[in-house]
Every structure is written in C-alpha cells, then in structure tokens.
Amino acid sequence: MATAAPSAASRIAVVTGASSGIGAATARQLARAGYRVVLTARRKDRIEALAEELNTAGHSAAAYQLDVTDRAAVDEFASAFRTIGVLVNNAGGALGADPVASGDPADWRTMYETNVLGTLNVTQALLPKLEASGDGVVVVVSSTAGHGTYEGGAGYVAAKHGAHVLAETLRLEIVGKPVRVVEIAPGMVKTEEFALTRFGGDTDRAAKVYEGVAEPLTADDVAETIAWAVTRPSHVNVDLLVLRPRAQASNTKVHRES
C-alpha cells in the first residue's frame with residue numbers, strides 16, 4: 001500500500017528517546033519516508049551520531065539533548081518550532097520486576113515520570129505546533145503492559161496504563177482538530193537495552209526474558225509499524241495498534257522452544 005508523502009507544513013517529525021532501540025529505528029524510518037527528523041534524548045553523543053548517519057545518507061536530521069521530565073527544558077525546546085507534523089512519544093522504559101509488596105517506590109516514581117509525565121510534557125508543549133501544521137500526528141508508544149497486567153510488573157504496568165489513558169483521553173478532547181492521536185502498543189521486543197536497563201545491567205536476567213523465543217519483535221518491526229500508521233491518509237486514524245511476536249499470545253503466555 002502506498003504511503004502518503006508529508007506536506008511541506010507537516011514534514012518535521014520529533015522523536016523522543018531516539019538514542020537507541022525503537023526510537024532510533026523510528027527516526028530512520030521517518031527520515032526515509034521524507035520527514036526532517038528531530039532526535040531528542042538525554043544521551044547527546046548517541047543522537048548526534050544518528051543525526052550524522054542520517055544526514056550522510058541524504059536525509060535531514062537534527063539532534064537536541066532533552067530530558068522529557070524537565071518541563072522547562074521541554075518548553076524551551078518547543079519554542080524553536082512554529083509547526084511540526086509528527087510527535088513520537090517514545091521515551092520511557094521499565095525498572096525492576098519486584099512484586100507490589102516489595103517494589104521500590106523510587107523506581108515506580110521514575111517510571112511514572114518518564115512514561116506518563118514526560119509524554120504529557122512534550123505533548124502539551126508541541127500540541128499547538130502540531131495543530132498549526134494543519135495535519136499533525138501524536139504517537140504514543142505504550143506497551144501491551146498498558147492493556148493487561150502481569151506478576152512482577154505492576155510499576156511498569158501502571159505507568160503504561162497511564163500512557164494509554166493519556167492517548168485515549170487526548171483523542172476525545174481534540175476531536176475535530178487537525179491532529180490524529182495514535183497509540184502503538186508493542187509486546188515482546190528484543191532491543192539492546194530494554195531488559196538490561198530493567199534489571200540494572202544484569203545480563204543473565206535480561207537474557208532470560210527472551211530465552212527460547214525464536215523471534216521476538218525487533219525495533220525495526222515496531223518502527224515500521226509507527227511509520228505506517230503516521231503515513232496513512234489524513235482522514236485515517238489508527239487509534240490503537242497492538243503488535244506481538246507470533247510466539248507471544250499475551251503478556252503471560254509465551255511459547256519458548258526447548
């Protein structure tokens with residue numbers, strides 16, 4: 001199916017959490033689709049290297065160091081734009097897998113601030129710019145964790161439920177305006193950092209997440225899905241798209257080969 005080329009007024013795409021994984025892959029996909037991508041993340045060296053890669057390949061990219069939980073910094077960032085066409089809220093992540101009875105409140109707070117308040121900060125700051133483009137798209141990268149709970153995941157599940165509700169409510173509140181709100185909810189995605197970060201750098205615990213799963217999703221799988229949703233015709237809104245590897249039937253049902 002053909003994709004819609006971005007209009008001149010809507011060809012800037014901002015991607016948060018673009019230093020690795022799904023964010024970096026999404027930036028590459030949107031650049032190939034004709035967008036001028038603005039890469040944001042806390043790790044300046046990573047996004048600058050990605051911007052250089054994309055520019056060298058003939059695309060248009062810029063890097064901007066940004067912590068989405070810092071509202072003043074987000075507002076300053078947003079002030080640089082008159083209009084943008086796409087915002088991909090990808091910054092987030094999981095910390096720990098402890099039960100509710102012993103979970104670390106600091107981890108819960110960090111997950112909420114990044115996955116929910118970070119998304120809120122950037123969306124609020126850029127929503128007028130998206131509307132001004134006449135054809136804006138807000139993408140919230142949530143998770144299947146935002147649609148079903150599992151043992152040991154309550155902190156992350158709560159945060160991703162918050163991200164899901166943010167997207168769902170925003171869609172209701174801005175209906176009639178020229179901005180689409182898309183939620184992409186991936187299941188098991190194997191990236192270089194997600195599980196490793198969740199388990200504090202414990203490589204053995206991180207590897208067990210994917211143990212026996214023949215083909216987990218990749219960052220590129222999710223990025224291609226995001227780019228597809230963004231490039232639908234303006235009247236088509238992909239409200240919610242859940243994607244999992246074939247081996248994963250639910251958050252708690254995964255086929256593992258021995």
# chains A, B, ... in the order shown; residues from 1 in each chain; ligands from 1
call {"tool": "select_by_dssp", "arguments": {"residues": "stretch 56-238 of chain A", "states": "strand (DSSP E)", "output": "compact mmCIF listing (two decimals) with N, CA, C and O atoms, in the first residue's frame"}}
result
# COMPACT_ATOMS: atom_id res chain seq x y z
N SER A 60 17.44 14.40 6.29
CA SER A 60 17.57 15.62 7.08
C SER A 60 17.29 15.32 8.53
O SER A 60 16.19 14.86 8.88
N ALA A 61 18.27 15.56 9.38
CA ALA A 61 18.13 15.23 10.80
C ALA A 61 18.87 16.23 11.67
O ALA A 61 19.90 16.77 11.27
N ALA A 62 18.34 16.46 12.86
CA ALA A 62 19.00 17.32 13.84
C ALA A 62 18.87 16.66 15.20
O ALA A 62 17.89 15.95 15.49
N ALA A 63 19.87 16.86 16.05
CA ALA A 63 19.89 16.27 17.39
C ALA A 63 19.70 17.37 18.44
O ALA A 63 20.27 18.46 18.32
N TYR A 64 18.90 17.06 19.46
CA TYR A 64 18.66 18.01 20.54
C TYR A 64 18.62 17.25 21.85
O TYR A 64 17.73 16.43 22.08
N GLN A 65 19.60 17.49 22.70
CA GLN A 65 19.64 16.81 24.00
C GLN A 65 18.46 17.28 24.85
O GLN A 65 18.24 18.48 25.03
N VAL A 86 4.74 15.65 13.17
CA VAL A 86 4.65 14.38 13.89
C VAL A 86 5.41 14.48 15.20
O VAL A 86 6.52 15.01 15.25
N LEU A 87 4.80 13.96 16.25
CA LEU A 87 5.48 13.78 17.53
C LEU A 87 5.38 12.31 17.89
O LEU A 87 4.27 11.77 18.03
N VAL A 88 6.53 11.66 18.05
CA VAL A 88 6.55 10.27 18.50
C VAL A 88 7.05 10.26 19.95
O VAL A 88 8.22 10.47 20.22
N ASN A 89 6.12 10.03 20.87
CA ASN A 89 6.45 9.93 22.29
C ASN A 89 6.94 8.51 22.58
O ASN A 89 6.16 7.60 22.84
N GLY A 136 -1.40 17.23 11.86
CA GLY A 136 -0.46 16.70 12.85
C GLY A 136 -0.79 15.29 13.30
O GLY A 136 -1.93 14.83 13.18
N VAL A 137 0.22 14.62 13.82
CA VAL A 137 0.04 13.28 14.37
C VAL A 137 0.81 13.18 15.69
O VAL A 137 2.01 13.45 15.73
N VAL A 138 0.11 12.79 16.75
CA VAL A 138 0.75 12.45 18.02
C VAL A 138 0.78 10.93 18.12
O VAL A 138 -0.26 10.29 18.05
N VAL A 139 1.96 10.38 18.29
CA VAL A 139 2.10 8.94 18.50
C VAL A 139 2.54 8.71 19.94
O VAL A 139 3.50 9.33 20.41
N VAL A 140 1.84 7.84 20.64
CA VAL A 140 2.24 7.40 21.97
C VAL A 140 2.66 5.95 21.87
O VAL A 140 1.85 5.08 21.51
N VAL A 141 3.93 5.67 22.13
CA VAL A 141 4.41 4.29 22.15
C VAL A 141 4.19 3.77 23.57
O VAL A 141 4.93 4.11 24.48
N VAL A 179 -5.44 17.02 14.12
CA VAL A 179 -4.38 16.25 14.77
C VAL A 179 -4.91 14.85 15.05
O VAL A 179 -5.97 14.70 15.68
N ARG A 180 -4.19 13.85 14.59
CA ARG A 180 -4.55 12.46 14.90
C ARG A 180 -3.76 12.00 16.12
O ARG A 180 -2.65 12.46 16.36
N VAL A 181 -4.34 11.10 16.90
CA VAL A 181 -3.67 10.53 18.07
C VAL A 181 -3.61 9.02 17.89
O VAL A 181 -4.63 8.34 17.82
N VAL A 182 -2.39 8.52 17.80
CA VAL A 182 -2.13 7.11 17.51
C VAL A 182 -1.42 6.47 18.70
O VAL A 182 -0.46 7.03 19.23
N GLU A 183 -1.90 5.32 19.12
CA GLU A 183 -1.19 4.55 20.16
C GLU A 183 -0.68 3.26 19.55
O GLU A 183 -1.44 2.49 18.97
N ILE A 184 0.61 3.03 19.70
CA ILE A 184 1.24 1.79 19.28
C ILE A 184 1.66 1.04 20.54
O ILE A 184 2.42 1.57 21.36
N ALA A 185 1.17 -0.19 20.69
CA ALA A 185 1.40 -0.96 21.91
C ALA A 185 2.15 -2.25 21.59
O ALA A 185 1.54 -3.27 21.28
N PRO A 186 3.48 -2.24 21.65
CA PRO A 186 4.25 -3.45 21.35
C PRO A 186 4.26 -4.43 22.52
O PRO A 186 4.21 -4.04 23.69
call {"tool": "select_by_dssp", "arguments": {"residues": "stretch 45-123 of chain A", "states": "helix (DSSP H, G or I)", "output": "VMD selection string"}}
result
chain A and resid 45 to 56 71 to 78 100 to 102 105 to 123
call {"tool": "atom_distance", "arguments": {"atom1": "atom CA of A:Thr119", "atom2": "atom CA of A:Pro245"}}
result
25.7 Å
call {"tool": "residues_around", "arguments": {"residues": "stretch 214-216 of chain A", "least_positions_apart": "4", "cutoff": "6 Å", "atoms": "only C-alpha atoms", "output": "number ranges by chain"}}
result
A: 188-190, 245
call {"tool": "write_last_selection", "arguments": {"atoms": "all heavy atoms", "output": "PDB file, in the first residue's frame"}}
result
ATOM      1  N   MET A 188       6.525  -8.207  23.244  1.00  0.00           N
ATOM      2  CA  MET A 188       7.930  -8.545  23.479  1.00  0.00           C
ATOM      3  C   MET A 188       8.807  -8.057  22.334  1.00  0.00           C
ATOM      4  O   MET A 188       8.733  -8.560  21.217  1.00  0.00           O
ATOM      5  CB  MET A 188       8.094 -10.061  23.650  1.00  0.00           C
ATOM      6  CG  MET A 188       9.528 -10.485  23.941  1.00  0.00           C
ATOM      7  SD  MET A 188       9.718 -12.276  24.067  1.00  0.00           S
ATOM      8  CE  MET A 188       8.981 -12.578  25.670  1.00  0.00           C
ATOM      9  N   VAL A 189       9.626  -7.061  22.626  1.00  0.00           N
ATOM     10  CA  VAL A 189      10.567  -6.508  21.652  1.00  0.00           C
ATOM     11  C   VAL A 189      11.977  -6.704  22.199  1.00  0.00           C
ATOM     12  O   VAL A 189      12.274  -6.287  23.310  1.00  0.00           O
ATOM     13  CB  VAL A 189      10.328  -5.007  21.413  1.00  0.00           C
ATOM     14  CG1 VAL A 189      11.259  -4.493  20.320  1.00  0.00           C
ATOM     15  CG2 VAL A 189       8.873  -4.729  21.074  1.00  0.00           C
ATOM     16  N   LYS A 190      12.828  -7.320  21.425  1.00  0.00           N
ATOM     17  CA  LYS A 190      14.213  -7.528  21.861  1.00  0.00           C
ATOM     18  C   LYS A 190      15.076  -6.398  21.328  1.00  0.00           C
ATOM     19  O   LYS A 190      15.341  -6.304  20.136  1.00  0.00           O
ATOM     20  CB  LYS A 190      14.746  -8.874  21.373  1.00  0.00           C
ATOM     21  CG  LYS A 190      16.126  -9.213  21.938  1.00  0.00           C
ATOM     22  CD  LYS A 190      16.579 -10.606  21.535  1.00  0.00           C
ATOM     23  CE  LYS A 190      17.914 -10.970  22.172  1.00  0.00           C
ATOM     24  NZ  LYS A 190      18.362 -12.337  21.782  1.00  0.00           N
ATOM     25  N   PRO A 245       5.074 -10.630  18.850  1.00  0.00           N
ATOM     26  CA  PRO A 245       5.617 -11.719  18.039  1.00  0.00           C
ATOM     27  C   PRO A 245       4.620 -12.874  18.019  1.00  0.00           C
ATOM     28  O   PRO A 245       3.785 -13.007  18.927  1.00  0.00           O
ATOM     29  CB  PRO A 245       6.902 -12.103  18.773  1.00  0.00           C
ATOM     30  CG  PRO A 245       6.689 -11.667  20.179  1.00  0.00           C
ATOM     31  CD  PRO A 245       5.834 -10.445  20.109  1.00  0.00           C
TER      32      PRO A 245
END
call {"tool": "closest_residue", "arguments": {"among": "A:Gly17, A:Val116, A:Asp135, A:Tyr210", "to": "A:Val230", "atoms": "only C-alpha atoms"}}
result
A:Asp135
call {"tool": "atom_distance", "arguments": {"atom1": "atom CA of A:Glu113", "atom2": "atom CA of A:Arg46"}}
result
22.3 Å
call {"tool": "atom_distance", "arguments": {"atom1": "atom CA of A:Ala91", "atom2": "atom CA of A:Gly103"}}
result
22.0 Å
call {"tool": "closest_residue", "arguments": {"among": "A:Arg82, A:Ser143, A:Asp239, A:Ala195", "to": "A:Leu172", "atoms": "only C-alpha atoms"}}
result
A:Asp239
call {"tool": "closest_residue", "arguments": {"among": "A:Leu126, A:Val38, A:Ala94, A:Val254", "to": "A:Gly200", "atoms": "only C-alpha atoms"}}
result
A:Ala94
call {"tool": "closest_residue", "arguments": {"among": "A:Val157, A:Ala73, A:Leu196, A:Ala249", "to": "A:Gly118", "atoms": "only C-alpha atoms"}}
result
A:Ala73
call {"tool": "closest_residue", "arguments": {"among": "A:Arg71, A:Arg232, A:Arg256, A:Lys160", "to": "A:Lys208", "atoms": "only C-alpha atoms"}}
result
A:Arg256
call {"tool": "residues_around", "arguments": {"residues": "A:Ala207", "least_positions_apart": "2", "cutoff": "12 Å", "atoms": "only C-alpha atoms", "output": "ChimeraX atom specification"}}
result
/A:190-199,201-205,209-213
call {"tool": "write_last_selection", "arguments": {"atoms": "N, CA and C atoms", "output": "JSON list (two decimals), in the first residue's frame"}}
result
[["chain", "number", "residue", "atom", "x", "y", "z"],
["A", 190, "LYS", "N", 12.83, -7.32, 21.43],
["A", 190, "LYS", "CA", 14.21, -7.53, 21.86],
["A", 190, "LYS", "C", 15.08, -6.40, 21.33],
["A", 191, "THR", "N", 15.49, -5.53, 22.22],
["A", 191, "THR", "CA", 16.42, -4.46, 21.88],
["A", 191, "THR", "C", 17.66, -4.62, 22.74],
["A", 192, "GLU", "N", 18.66, -3.81, 22.44],
["A", 192, "GLU", "CA", 19.93, -3.97, 23.14],
["A", 192, "GLU", "C", 19.89, -3.49, 24.58],
["A", 193, "GLU", "N", 18.87, -2.71, 24.96],
["A", 193, "GLU", "CA", 18.91, -2.07, 26.27],
["A", 193, "GLU", "C", 17.70, -2.27, 27.16],
["A", 194, "PHE", "N", 16.52, -2.56, 26.63],
["A", 194, "PHE", "CA", 15.31, -2.51, 27.44],
["A", 194, "PHE", "C", 15.41, -3.42, 28.67],
["A", 195, "ALA", "N", 15.61, -4.72, 28.46],
["A", 195, "ALA", "CA", 15.66, -5.66, 29.58],
["A", 195, "ALA", "C", 16.90, -5.43, 30.44],
["A", 196, "LEU", "N", 17.99, -5.05, 29.81],
["A", 196, "LEU", "CA", 19.22, -4.79, 30.55],
["A", 196, "LEU", "C", 19.03, -3.64, 31.53],
["A", 197, "THR", "N", 18.36, -2.59, 31.08],
["A", 197, "THR", "CA", 18.07, -1.45, 31.96],
["A", 197, "THR", "C", 17.11, -1.87, 33.06],
["A", 198, "ARG", "N", 16.12, -2.66, 32.70],
["A", 198, "ARG", "CA", 15.11, -3.07, 33.68],
["A", 198, "ARG", "C", 15.74, -3.82, 34.84],
["A", 199, "PHE", "N", 16.75, -4.63, 34.53],
["A", 199, "PHE", "CA", 17.37, -5.46, 35.56],
["A", 199, "PHE", "C", 18.73, -4.92, 36.01],
["A", 201, "GLY", "N", 21.41, -3.85, 34.60],
["A", 201, "GLY", "CA", 22.64, -4.30, 33.97],
["A", 201, "GLY", "C", 22.94, -5.78, 34.14],
["A", 202, "ASP", "N", 22.03, -6.53, 34.75],
["A", 202, "ASP", "CA", 22.21, -7.97, 34.95],
["A", 202, "ASP", "C", 21.96, -8.69, 33.62],
["A", 203, "THR", "N", 23.02, -9.08, 32.96],
["A", 203, "THR", "CA", 22.89, -9.68, 31.62],
["A", 203, "THR", "C", 22.18, -11.03, 31.64],
["A", 204, "ASP", "N", 22.37, -11.80, 32.71],
["A", 204, "ASP", "CA", 21.72, -13.10, 32.80],
["A", 204, "ASP", "C", 20.21, -12.96, 32.91],
["A", 205, "ARG", "N", 19.75, -12.06, 33.78],
["A", 205, "ARG", "CA", 18.31, -11.85, 33.93],
["A", 205, "ARG", "C", 17.71, -11.27, 32.66],
["A", 209, "VAL", "N", 14.60, -13.13, 29.66],
["A", 209, "VAL", "CA", 13.34, -12.58, 29.15],
["A", 209, "VAL", "C", 13.02, -13.17, 27.77],
["A", 210, "TYR", "N", 14.06, -13.34, 26.96],
["A", 210, "TYR", "CA", 13.88, -13.79, 25.58],
["A", 210, "TYR", "C", 14.26, -15.25, 25.37],
["A", 211, "GLU", "N", 14.63, -15.93, 26.43],
["A", 211, "GLU", "CA", 15.14, -17.29, 26.33],
["A", 211, "GLU", "C", 14.11, -18.22, 25.68],
["A", 212, "GLY", "N", 14.52, -18.90, 24.61],
["A", 212, "GLY", "CA", 13.66, -19.87, 23.95],
["A", 212, "GLY", "C", 12.66, -19.27, 22.98],
["A", 213, "VAL", "N", 12.58, -17.93, 22.93],
["A", 213, "VAL", "CA", 11.64, -17.29, 21.99],
["A", 213, "VAL", "C", 12.36, -17.13, 20.65]]
call {"tool": "closest_residue", "arguments": {"among": "A:Asn55, A:Thr69, A:Asn251, A:Ser20", "to": "A:Gly153", "atoms": "only C-alpha atoms"}}
result
A:Asn251
call {"tool": "residues_around", "arguments": {"residues": "A:Val37", "least_positions_apart": "4", "cutoff": "12 Å", "atoms": "only C-alpha atoms", "output": "PyMOL selection string"}}
result
chain A and resi 10-16+18+23-33+47+50-52+54-55+59-64+84-88
